[in-house]
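This is protein-v1.cif (mmCIF, C-alpha atoms).
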data_model
#
loop_
_atom_site.group_PDB
_atom_site.id
_atom_site.type_symbol
_atom_site.label_atom_id
_atom_site.label_comp_id
_atom_site.auth_asym_id
_atom_site.auth_seq_id
_atom_site.Cartn_x
_atom_site.Cartn_y
_atom_site.Cartn_z
ATOM 1 C CA MET A 719 26.420 29.483 -71.339
ATOM 2 C CA GLU A 720 28.119 28.499 -74.583
ATOM 3 C CA GLN A 721 31.876 29.071 -74.392
ATOM 4 C CA LEU A 722 32.609 30.548 -77.788
ATOM 5 C CA LEU A 723 36.382 30.846 -77.349
ATOM 6 C CA LEU A 724 37.307 27.683 -75.481
ATOM 7 C CA ASN A 725 41.110 27.318 -75.176
ATOM 8 C CA LYS A 726 41.790 30.229 -77.528
ATOM 9 C CA VAL A 727 44.708 32.428 -76.475
ATOM 10 C CA ALA A 728 43.915 36.137 -76.354
ATOM 11 C CA ILE A 729 45.991 39.251 -75.664
ATOM 12 C CA VAL A 730 44.320 42.470 -74.539
ATOM 13 C CA THR A 731 46.444 45.607 -74.264
ATOM 14 C CA GLY A 732 45.446 48.306 -71.810
ATOM 15 C CA ALA A 733 43.448 45.709 -69.882
ATOM 16 C CA GLY A 734 44.166 46.827 -66.329
ATOM 17 C CA GLY A 735 40.908 48.745 -66.028
ATOM 18 C CA GLY A 736 37.875 50.128 -67.806
ATOM 19 C CA LEU A 737 37.060 48.742 -71.218
ATOM 20 C CA GLY A 738 40.180 46.581 -71.454
ATOM 21 C CA ARG A 739 39.360 44.907 -68.155
ATOM 22 C CA ALA A 740 35.820 44.202 -69.335
ATOM 23 C CA HIS A 741 37.190 42.723 -72.565
ATOM 24 C CA ALA A 742 39.626 40.459 -70.717
ATOM 25 C CA LEU A 743 36.958 39.188 -68.334
ATOM 26 C CA GLU A 744 34.457 38.549 -71.137
ATOM 27 C CA LEU A 745 37.012 36.685 -73.250
ATOM 28 C CA ALA A 746 37.909 34.541 -70.228
ATOM 29 C CA ARG A 747 34.223 33.934 -69.500
ATOM 30 C CA HIS A 748 33.969 32.430 -72.968
ATOM 31 C CA GLY A 749 36.882 30.073 -72.314
ATOM 32 C CA ALA A 750 39.859 32.040 -73.636
ATOM 33 C CA ARG A 751 43.245 32.065 -71.952
ATOM 34 C CA VAL A 752 44.071 35.730 -71.558
ATOM 35 C CA VAL A 753 47.256 37.788 -71.488
ATOM 36 C CA VAL A 754 46.269 40.875 -69.510
ATOM 37 C CA ASN A 755 48.549 43.723 -70.568
ATOM 38 C CA ASP A 756 48.816 47.091 -68.839
ATOM 39 C CA VAL A 757 51.653 49.276 -67.629
ATOM 40 C CA GLY A 758 50.003 49.706 -64.209
ATOM 41 C CA SER A 759 49.260 47.309 -61.379
ATOM 42 C CA GLY A 760 45.781 46.610 -62.735
ATOM 43 C CA ALA A 761 47.045 43.814 -64.984
ATOM 44 C CA GLN A 762 47.859 41.590 -62.003
ATOM 45 C CA ASP A 763 44.484 42.308 -60.401
ATOM 46 C CA VAL A 764 42.563 41.394 -63.561
ATOM 47 C CA ALA A 765 44.634 38.243 -64.073
ATOM 48 C CA ARG A 766 43.920 37.144 -60.508
ATOM 49 C CA THR A 767 40.201 37.826 -61.002
ATOM 50 C CA ILE A 768 40.212 35.537 -64.055
ATOM 51 C CA GLU A 769 42.094 32.817 -62.196
ATOM 52 C CA ARG A 770 39.771 32.981 -59.194
ATOM 53 C CA ALA A 771 36.880 32.358 -61.589
ATOM 54 C CA GLY A 772 38.604 29.211 -62.861
ATOM 55 C CA GLY A 773 40.221 30.664 -65.956
ATOM 56 C CA GLU A 774 43.813 30.989 -67.111
ATOM 57 C CA ALA A 775 45.554 34.335 -67.311
ATOM 58 C CA LEU A 776 48.986 35.870 -67.583
ATOM 59 C CA ALA A 777 49.717 39.421 -66.432
ATOM 60 C CA ASP A 778 52.055 41.515 -68.571
ATOM 61 C CA ASN A 779 53.324 45.015 -67.799
ATOM 62 C CA GLY A 780 54.878 45.756 -71.177
ATOM 63 C CA ASP A 781 54.513 49.246 -72.619
ATOM 64 C CA ALA A 782 52.655 49.185 -75.959
ATOM 65 C CA THR A 783 54.889 51.993 -77.212
ATOM 66 C CA SER A 784 57.898 49.648 -76.985
ATOM 67 C CA GLN A 785 58.327 47.182 -79.818
ATOM 68 C CA ASP A 786 60.640 45.060 -77.664
ATOM 69 C CA ALA A 787 58.039 44.910 -74.889
ATOM 70 C CA MET A 788 55.328 43.762 -77.273
ATOM 71 C CA GLN A 789 57.622 41.135 -78.810
ATOM 72 C CA ALA A 790 58.434 39.868 -75.306
ATOM 73 C CA MET A 791 54.737 39.773 -74.392
ATOM 74 C CA VAL A 792 53.895 37.621 -77.400
ATOM 75 C CA ALA A 793 56.930 35.404 -76.799
ATOM 76 C CA ASN A 794 55.719 34.784 -73.232
ATOM 77 C CA ALA A 795 52.256 33.858 -74.475
ATOM 78 C CA LEU A 796 53.702 31.487 -77.073
ATOM 79 C CA GLY A 797 56.015 29.966 -74.479
ATOM 80 C CA ARG A 798 53.163 29.286 -72.089
ATOM 81 C CA TRP A 799 50.359 28.281 -74.448
ATOM 82 C CA GLY A 800 52.020 27.660 -77.826
ATOM 83 C CA ARG A 801 49.876 30.027 -79.879
ATOM 84 C CA VAL A 802 48.115 33.387 -79.993
ATOM 85 C CA ASP A 803 44.659 33.416 -81.561
ATOM 86 C CA ILE A 804 43.330 36.844 -80.620
ATOM 87 C CA LEU A 805 44.848 40.296 -80.230
ATOM 88 C CA VAL A 806 42.781 43.197 -78.932
ATOM 89 C CA CYS A 807 44.558 46.544 -79.279
ATOM 90 C CA ASN A 808 42.878 48.580 -76.573
ATOM 91 C CA ALA A 809 45.670 50.644 -74.963
ATOM 92 C CA GLY A 810 45.035 54.368 -75.210
ATOM 93 C CA ILE A 811 45.440 57.797 -73.660
ATOM 94 C CA LEU A 812 43.759 61.196 -73.977
ATOM 95 C CA ARG A 813 45.379 64.603 -74.334
ATOM 96 C CA ASP A 814 42.260 66.647 -75.136
ATOM 97 C CA ARG A 815 42.672 70.286 -76.085
ATOM 98 C CA SER A 816 41.550 72.482 -78.957
ATOM 99 C CA PHE A 817 43.975 72.297 -81.862
ATOM 100 C CA ALA A 818 45.012 75.937 -81.374
ATOM 101 C CA LYS A 819 46.157 75.123 -77.820
ATOM 102 C CA MET A 820 47.416 71.577 -78.440
ATOM 103 C CA THR A 821 51.156 70.995 -78.306
ATOM 104 C CA LEU A 822 52.871 68.799 -80.851
ATOM 105 C CA GLU A 823 54.120 66.700 -77.944
ATOM 106 C CA ASP A 824 50.520 65.902 -76.981
ATOM 107 C CA PHE A 825 49.710 65.085 -80.596
ATOM 108 C CA ARG A 826 52.680 62.720 -80.875
ATOM 109 C CA ALA A 827 51.983 61.085 -77.505
ATOM 110 C CA VAL A 828 48.465 60.098 -78.517
ATOM 111 C CA PHE A 829 49.658 58.736 -81.861
ATOM 112 C CA GLU A 830 52.465 56.813 -80.183
ATOM 113 C CA VAL A 831 50.113 54.943 -77.861
ATOM 114 C CA HIS A 832 47.080 54.411 -80.096
ATOM 115 C CA VAL A 833 48.701 53.899 -83.501
ATOM 116 C CA MET A 834 52.255 52.725 -82.897
ATOM 117 C CA GLY A 835 51.140 50.798 -79.820
ATOM 118 C CA ALA A 836 48.766 48.835 -82.036
ATOM 119 C CA VAL A 837 51.393 48.442 -84.762
ATOM 120 C CA HIS A 838 53.951 47.064 -82.293
ATOM 121 C CA ALA A 839 51.514 44.503 -80.922
ATOM 122 C CA ILE A 840 50.249 43.468 -84.357
ATOM 123 C CA LYS A 841 53.762 43.139 -85.726
ATOM 124 C CA ALA A 842 54.581 40.764 -82.870
ATOM 125 C CA VAL A 843 51.604 38.452 -83.560
ATOM 126 C CA TRP A 844 51.453 38.746 -87.338
ATOM 127 C CA GLU A 845 53.914 36.009 -88.309
ATOM 128 C CA PRO A 846 52.714 33.512 -85.650
ATOM 129 C CA MET A 847 49.128 34.039 -86.810
ATOM 130 C CA ARG A 848 50.056 33.668 -90.478
ATOM 131 C CA ALA A 849 52.053 30.514 -89.717
ATOM 132 C CA GLN A 850 49.133 28.891 -87.880
ATOM 133 C CA ARG A 851 46.756 30.229 -90.555
ATOM 134 C CA HIS A 852 44.410 31.607 -87.964
ATOM 135 C CA GLY A 853 44.133 34.916 -86.173
ATOM 136 C CA ARG A 854 41.692 37.524 -84.985
ATOM 137 C CA ILE A 855 42.777 41.149 -84.485
ATOM 138 C CA VAL A 856 40.563 43.955 -83.195
ATOM 139 C CA LEU A 857 41.655 47.582 -83.262
ATOM 140 C CA THR A 858 39.889 50.116 -81.069
ATOM 141 C CA THR A 859 38.677 53.043 -83.142
ATOM 142 C CA SER A 860 36.244 55.761 -82.058
ATOM 143 C CA SER A 861 33.390 57.934 -83.241
ATOM 144 C CA SER A 862 35.822 60.797 -82.632
ATOM 145 C CA GLY A 863 37.841 59.509 -85.561
ATOM 146 C CA LEU A 864 34.922 58.414 -87.705
ATOM 147 C CA TYR A 865 32.891 61.593 -87.259
ATOM 148 C CA GLY A 866 35.058 64.119 -85.406
ATOM 149 C CA ASN A 867 34.896 65.600 -81.918
ATOM 150 C CA PHE A 868 35.795 69.089 -80.712
ATOM 151 C CA GLY A 869 39.106 69.152 -78.837
ATOM 152 C CA GLN A 870 40.241 65.744 -80.049
ATOM 153 C CA ALA A 871 42.226 66.389 -83.222
ATOM 154 C CA ASN A 872 45.044 64.117 -82.020
ATOM 155 C CA TYR A 873 42.762 61.361 -80.729
ATOM 156 C CA GLY A 874 40.440 61.511 -83.731
ATOM 157 C CA ALA A 875 43.290 61.403 -86.233
ATOM 158 C CA ALA A 876 44.848 58.427 -84.438
ATOM 159 C CA LYS A 877 41.564 56.546 -84.288
ATOM 160 C CA MET A 878 40.879 57.055 -87.998
ATOM 161 C CA ALA A 879 44.438 55.932 -88.762
ATOM 162 C CA LEU A 880 43.557 52.615 -87.113
ATOM 163 C CA VAL A 881 40.637 52.180 -89.518
ATOM 164 C CA GLY A 882 43.038 52.548 -92.437
ATOM 165 C CA LEU A 883 45.403 50.055 -90.830
ATOM 166 C CA MET A 884 42.530 47.604 -90.385
ATOM 167 C CA GLN A 885 41.420 47.939 -94.000
ATOM 168 C CA THR A 886 44.827 46.950 -95.377
ATOM 169 C CA LEU A 887 45.693 44.283 -92.814
ATOM 170 C CA ALA A 888 42.350 42.576 -93.427
ATOM 171 C CA LEU A 889 43.226 42.321 -97.125
ATOM 172 C CA GLU A 890 46.756 41.092 -96.462
ATOM 173 C CA GLY A 891 45.694 38.603 -93.798
ATOM 174 C CA GLU A 892 42.714 37.106 -95.620
ATOM 175 C CA LYS A 893 44.482 34.178 -97.305
ATOM 176 C CA TYR A 894 46.159 33.268 -94.017
ATOM 177 C CA GLY A 895 42.938 33.100 -92.044
ATOM 178 C CA VAL A 896 43.718 36.332 -90.192
ATOM 179 C CA ARG A 897 40.623 38.511 -89.804
ATOM 180 C CA VAL A 898 40.950 42.133 -88.740
ATOM 181 C CA ASN A 899 38.165 44.390 -87.484
ATOM 182 C CA CYS A 900 37.605 47.646 -85.613
ATOM 183 C CA LEU A 901 35.506 48.239 -82.528
ATOM 184 C CA ALA A 902 34.227 51.760 -81.781
ATOM 185 C CA PRO A 903 33.010 51.729 -78.175
ATOM 186 C CA SER A 904 30.819 54.113 -76.234
ATOM 187 C CA ALA A 905 31.769 53.234 -72.688
ATOM 188 C CA ALA A 906 32.285 54.841 -69.310
ATOM 189 C CA THR A 907 35.992 54.556 -68.555
ATOM 190 C CA ARG A 908 38.748 56.576 -66.905
ATOM 191 C CA MET A 909 38.823 58.656 -70.088
ATOM 192 C CA THR A 910 35.160 59.722 -69.762
ATOM 193 C CA GLN A 911 35.112 60.689 -66.092
ATOM 194 C CA GLY A 912 33.614 64.138 -65.617
ATOM 195 C CA LEU A 913 32.239 64.234 -69.150
ATOM 196 C CA LEU A 914 28.949 62.343 -68.766
ATOM 197 C CA SER A 915 25.986 62.333 -66.367
ATOM 198 C CA GLU A 916 25.642 59.632 -63.746
ATOM 199 C CA GLN A 917 22.686 58.165 -65.633
ATOM 200 C CA ALA A 918 24.671 58.012 -68.860
ATOM 201 C CA LEU A 919 27.685 56.510 -67.113
ATOM 202 C CA ALA A 920 25.497 53.783 -65.620
ATOM 203 C CA GLN A 921 24.089 52.872 -69.026
ATOM 204 C CA LEU A 922 27.472 52.945 -70.722
ATOM 205 C CA GLU A 923 29.249 50.448 -68.516
ATOM 206 C CA PRO A 924 32.175 48.845 -70.405
ATOM 207 C CA ALA A 925 30.820 45.315 -69.963
ATOM 208 C CA LYS A 926 27.989 46.144 -72.378
ATOM 209 C CA VAL A 927 30.533 46.663 -75.181
ATOM 210 C CA SER A 928 32.495 43.434 -74.753
ATOM 211 C CA PRO A 929 29.895 41.016 -76.238
ATOM 212 C CA GLY A 930 30.534 42.830 -79.529
ATOM 213 C CA LEU A 931 34.236 42.097 -79.150
ATOM 214 C CA VAL A 932 33.522 38.384 -78.746
ATOM 215 C CA ALA A 933 31.548 38.436 -81.994
ATOM 216 C CA LEU A 934 34.555 39.946 -83.774
ATOM 217 C CA VAL A 935 37.028 37.267 -82.641
ATOM 218 C CA GLY A 936 35.084 34.006 -82.918
ATOM 219 C CA GLU A 937 35.417 31.310 -85.569
ATOM 220 C CA ASP A 938 32.712 32.933 -87.707
ATOM 221 C CA ALA A 939 34.038 36.477 -87.223
ATOM 222 C CA PRO A 940 33.710 38.967 -90.076
ATOM 223 C CA THR A 941 36.668 40.890 -91.431
ATOM 224 C CA ARG A 942 36.998 44.617 -92.264
ATOM 225 C CA MET A 943 34.025 45.480 -90.084
ATOM 226 C CA VAL A 944 33.766 48.659 -88.020
ATOM 227 C CA LEU A 945 31.440 47.706 -85.180
ATOM 228 C CA LEU A 946 29.994 50.480 -83.023
ATOM 229 C CA ALA A 947 28.950 49.429 -79.539
ATOM 230 C CA GLY A 948 27.585 51.090 -76.428
ATOM 231 C CA GLY A 949 24.900 50.684 -73.815
ATOM 232 C CA GLY A 950 23.913 47.292 -75.221
ATOM 233 C CA SER A 951 23.366 48.680 -78.738
ATOM 234 C CA PHE A 952 25.397 47.760 -81.823
ATOM 235 C CA GLU A 953 25.750 49.402 -85.229
ATOM 236 C CA SER A 954 28.244 49.344 -88.096
ATOM 237 C CA ALA A 955 30.073 52.172 -89.852
ATOM 238 C CA HIS A 956 31.278 52.207 -93.456
ATOM 239 C CA VAL A 957 33.623 54.229 -95.620
ATOM 240 C CA THR A 958 31.561 54.609 -98.771
ATOM 241 C CA MET A 959 31.925 55.934 -102.309
ATOM 242 C CA THR A 960 29.190 57.847 -104.134
ATOM 243 C CA GLN A 961 28.333 57.395 -107.791
ATOM 244 C CA GLY A 962 29.805 60.808 -108.573
ATOM 245 C CA VAL A 963 30.146 62.377 -112.026
ATOM 246 C CA PHE A 964 32.651 62.508 -114.879
ATOM 247 C CA VAL A 965 33.636 66.038 -115.888
ATOM 248 C CA GLY A 966 36.705 65.335 -118.009
ATOM 249 C CA ASP A 967 39.482 67.894 -118.296
ATOM 250 C CA GLY A 968 39.970 71.272 -119.956
ATOM 251 C CA PRO A 969 40.330 74.848 -118.707
ATOM 252 C CA ASP A 970 36.858 74.916 -117.137
ATOM 253 C CA ALA A 971 37.162 71.530 -115.356
ATOM 254 C CA ALA A 972 37.450 73.146 -111.932
ATOM 255 C CA SER A 973 34.287 75.161 -112.565
ATOM 256 C CA ARG A 974 32.401 72.020 -113.646
ATOM 257 C CA VAL A 975 33.512 70.189 -110.491
ATOM 258 C CA ARG A 976 32.429 73.153 -108.373
ATOM 259 C CA HIS A 977 28.940 73.220 -109.876
ATOM 260 C CA ALA A 978 28.658 69.414 -109.673
ATOM 261 C CA LEU A 979 29.548 69.133 -105.979
ATOM 262 C CA PRO A 980 25.918 68.578 -104.873
ATOM 263 C CA THR A 981 25.608 65.702 -107.363
ATOM 264 C CA ILE A 982 29.012 64.335 -106.382
ATOM 265 C CA ALA A 983 27.943 64.340 -102.722
ATOM 266 C CA ASP A 984 24.574 62.668 -103.441
ATOM 267 C CA ARG A 985 24.614 59.414 -101.462
ATOM 268 C CA GLY A 986 22.029 57.665 -103.598
ATOM 269 C CA GLY A 987 23.563 54.420 -104.853
ATOM 270 C CA GLU A 988 26.727 54.775 -102.814
ATOM 271 C CA THR A 989 28.838 51.644 -102.364
ATOM 272 C CA VAL A 990 31.467 50.255 -99.987
ATOM 273 C CA PRO A 991 34.611 49.664 -102.080
ATOM 274 C CA ALA A 992 36.259 46.254 -101.783
ATOM 275 C CA SER A 993 39.672 47.953 -101.761
ATOM 276 C CA GLY A 994 41.336 51.231 -102.673
ATOM 277 C CA TRP A 995 41.583 50.056 -106.277
ATOM 278 C CA GLU A 996 37.821 50.452 -106.617
ATOM 279 C CA GLN A 997 38.271 54.218 -106.916
ATOM 280 C CA TYR A 998 40.664 53.713 -109.836
ATOM 281 C CA ARG A 999 38.314 51.254 -111.542
ATOM 282 C CA ARG A 1000 35.256 53.457 -111.114
ATOM 283 C CA GLU A 1001 36.943 56.635 -112.297
ATOM 284 C CA LEU A 1002 38.588 55.022 -115.306
ATOM 285 C CA ALA A 1003 35.324 53.291 -116.229
ATOM 286 C CA LYS A 1004 33.594 56.680 -116.441
ATOM 287 C CA ALA A 1005 36.297 57.696 -118.915
ATOM 288 C CA GLY A 1006 35.645 54.545 -120.957
ATOM 289 C CA ILE A 1007 38.753 52.672 -119.774
ATOM 290 C CA VAL A 1008 38.454 49.195 -118.259
ATOM 291 C CA LEU A 1009 41.028 48.424 -115.579
ATOM 292 C CA GLU A 1010 41.908 44.748 -115.766
ATOM 293 C CA ASP A 1011 42.054 42.824 -112.496
ATOM 294 C CA ALA A 1012 45.661 41.901 -113.193
ATOM 295 C CA ALA A 1013 46.599 45.579 -113.147
ATOM 296 C CA ALA A 1014 45.305 45.876 -109.609
#

Give the structure from this file in C-alpha cells form.
Amino acid sequence: MEQLLLNKVAIVTGAGGGLGRAHALELARHGARVVVNDVGSGAQDVARTIERAGGEALADNGDATSQDAMQAMVANALGRWGRVDILVCNAGILRDRSFAKMTLEDFRAVFEVHVMGAVHAIKAVWEPMRAQRHGRIVLTTSSSGLYGNFGQANYGAAKMALVGLMQTLALEGEKYGVRVNCLAPSAATRMTQGLLSEQALAQLEPAKVSPGLVALVGEDAPTRMVLLAGGGSFESAHVTMTQGVFVGDGPDAASRVRHALPTIADRGGETVPASGWEQYRRELAKAGIVLEDAAA
C-alpha cells in the first residue's frame, strides 16, 4: 500500500473512539505520526494500537474547549516531532432536543465543543503552519448543518458555523500553503447509537469515512471543499448563488421582489462564488456598476 502521509505529523481531536479513532488509525496506516487527543482514556488505547502496528503516536487528554490545553497539545507535538502538518477537528457532543425544549445551556455547550473547540485547536497550529508554509486542516461539519435535522438546532448551527470558518480560513491560508476543508461524515458512532438499524450501522462503519479524510490532507489536497462521506460513498456540497434578478428600488420594490421569488430561486446557471465579494460584484454589475478588484 502506498503511504500517502509518510512522516507527516497529524493531530486528531476527539480521537479516543468512533470516527476520530478511525481517522487516527487511517492516518497512521498511511505513515503519519499521530497525536491522539481525547478527554477520556480512549486516547491512550488508540495511541498504543498505532504503536503496536509499528507507527508513532502521542496520547493527549487536553480538553478542546480549553485554549491553554490546545496550545499545550500543539507544543508537545512540536517538541517531539518539530512540526504539525495536519489538524483534524473532530471533537464533538450531542444535546439533541426540539428547539422549544432546548435549554440555552445545551445550545452553548454544543457550540463550545464543536466551534470553539475547533477554533482553539486551529489557533494553536495556525502560526506554525504559516511559518513552515504548509498545513492541512479539516473541520467536521454535518448534513444536519448543511440541510437541517429535526431536534438539532444547536448541532446544526454549530456545524454550519464550521463551514463559514473553513471558507475564510482557506482564503487566508492559501498563500501560506495552508489548505482548509470540511468533512461531513455519515458514520455509526457513539452519537448514533439507538438511531439506526443494525444493517445501517454495519454499512456506516467509521472506517469507511476515513479514506476521504486522507484525500483532504495529502500533498495534492483541495481547499474549500465540503466532502460528504459515508458507507464507502463520497459526494461534495456547495454553497451556491443563483443568477437572480435586478428589481431596483422605489416604493413597489418589495412587491417586485415578492413576485420575482420563483425566478430568484431558479437554480439554472447557479455558481459557486470564489468569496463573499462575489455577491457584491454580481449585484452591482446588475445595476451597471463595475466593482474593481482593488476595492475587494

Could you tell me which residues the PyMOL selection byres ((chain A and resi 990) around 6) grabs in this file, written as a VMD selection string? chain A and resid 958 989 991

Polymer residues at most 10 Å from Arg854 (chain A), only C-alpha atoms, same-chain spacing of 3 or more positions, as a compact mmCIF listing (two decimals) with C-alpha atoms, in the frame of the given file:
# COMPACT_ATOMS: atom_id res chain seq x y z
CA ALA A 728 43.92 36.14 -76.35
CA VAL A 802 48.12 33.39 -79.99
CA ASP A 803 44.66 33.42 -81.56
CA ILE A 804 43.33 36.84 -80.62
CA LEU A 805 44.85 40.30 -80.23
CA VAL A 806 42.78 43.20 -78.93
CA MET A 847 49.13 34.04 -86.81
CA ALA A 888 42.35 42.58 -93.43
CA GLY A 891 45.69 38.60 -93.80
CA GLY A 895 42.94 33.10 -92.04
CA VAL A 896 43.72 36.33 -90.19
CA ARG A 897 40.62 38.51 -89.80
CA VAL A 898 40.95 42.13 -88.74
CA ASN A 899 38.16 44.39 -87.48
CA LEU A 934 34.56 39.95 -83.77
CA VAL A 935 37.03 37.27 -82.64
CA GLY A 936 35.08 34.01 -82.92
CA GLU A 937 35.42 31.31 -85.57
CA ALA A 939 34.04 36.48 -87.22
CA PRO A 940 33.71 38.97 -90.08
CA THR A 941 36.67 40.89 -91.43

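Computed from the coordinates, the CA of Asp814 (chain A) to CA of Leu857 (chain A) distance equals 20.7 Å.
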
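The spacing separating CA of Ala1005 (chain A) from CA of Gln885 (chain A) amounts to 27.2 Å.
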
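Within the 7 Å cut-off around Asp778 (chain A), using only C-alpha atoms and omitting residues fewer than 4 positions from it on the same chain, the listed residues are Val753, Val754, Asn755, Asp756, Ala761 and Met791 of chain A.
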
When the PyMOL selection byres ((chain A and resi 808-813) around 6) is applied to the file above, which residues end up in the set, as number ranges by chain? A: 731-732, 806-807, 814, 824, 831-832, 858

Atoms kept (C-alpha atoms) for selection, written as a PDB file, in the frame of the given file:
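Writing done, so here's again.pdb:
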ATOM      1  CA  THR A 731      46.444  45.607 -74.264  1.00  0.00           C
ATOM      2  CA  GLY A 732      45.446  48.306 -71.810  1.00  0.00           C
ATOM      3  CA  VAL A 806      42.781  43.197 -78.932  1.00  0.00           C
ATOM      4  CA  CYS A 807      44.558  46.544 -79.279  1.00  0.00           C
ATOM      5  CA  ASP A 814      42.260  66.647 -75.136  1.00  0.00           C
ATOM      6  CA  ASP A 824      50.520  65.902 -76.981  1.00  0.00           C
ATOM      7  CA  VAL A 831      50.113  54.943 -77.861  1.00  0.00           C
ATOM      8  CA  HIS A 832      47.080  54.411 -80.096  1.00  0.00           C
ATOM      9  CA  THR A 858      39.889  50.116 -81.069  1.00  0.00           C
TER      10      THR A 858
END

A:Met959, A:Leu883, A:Leu1002, A:Ile768: which is nearest Arg942 (chain A), counting only C-alpha atoms? A:Leu883

Excluding Ser861 (chain A) and any residue of its chain fewer than 2 positions from it, enumerate the residues within 12 Å of it, using only C-alpha atoms, and give them as a PyMOL selection string. chain A and resi 858-859+863-868+870+873-878+881+900-905+944-948+953-956

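The coordinates place CA of Gly968 (chain A) at 19.9 Å from CA of Thr981 (chain A).
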
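Residues matching the PyMOL selection byres ((chain A and resi 719) around 10) in this structure come to Glu720, Gln721, Leu722, Arg747 and His748 of chain A.
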
Residues just named, written with C-alpha atoms as a CSV table (one decimal), in the coordinates of the input:
chain,number,residue,atom,x,y,z
A,720,GLU,CA,28.1,28.5,-74.6
A,721,GLN,CA,31.9,29.1,-74.4
A,722,LEU,CA,32.6,30.5,-77.8
A,747,ARG,CA,34.2,33.9,-69.5
A,748,HIS,CA,34.0,32.4,-73.0

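Ranking A:Val856, A:Gly949, A:Ala746, A:Ala1003 by their shortest atom-to-atom distance to Glu923 (chain A), with only C-alpha atoms included, puts A:Gly949 first.
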
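Proximity of A:Arg751, A:Arg985, A:His852, A:Arg798 to Glu892 (chain A), computed with only C-alpha atoms, is greatest for A:His852.
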
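Minimum distance to Glu774 (chain A) across A:Pro846, A:Gly749, A:Gly758, A:Gly986 (counting all atoms listed in the file) occurs at A:Gly749.
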
Contacts of Gly1006 (chain A) at 12 Å (all atoms listed in the file; same-chain gap of 5+ positions) as a compact mmCIF listing (two decimals) with C-alpha atoms, in the coordinates of the input:
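Ended up saving to out-v7.txt:
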# COMPACT_ATOMS: atom_id res chain seq x y z
CA PHE A 964 32.65 62.51 -114.88
CA GLY A 966 36.70 65.33 -118.01
CA ARG A 999 38.31 51.25 -111.54
CA ARG A 1000 35.26 53.46 -111.11
CA GLU A 1001 36.94 56.64 -112.30

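Here the question is which of A:Val963, A:Val828, A:Ile855, A:Ala842 gets nearest to Ala978 (chain A) using all atoms listed in the file, and that residue is A:Val963.
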
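With distances restricted to only C-alpha atoms, A:Leu931 is the closest residue to Ala742 (chain A) from A:Leu931, A:Ala906, A:Ala836, A:Val975.
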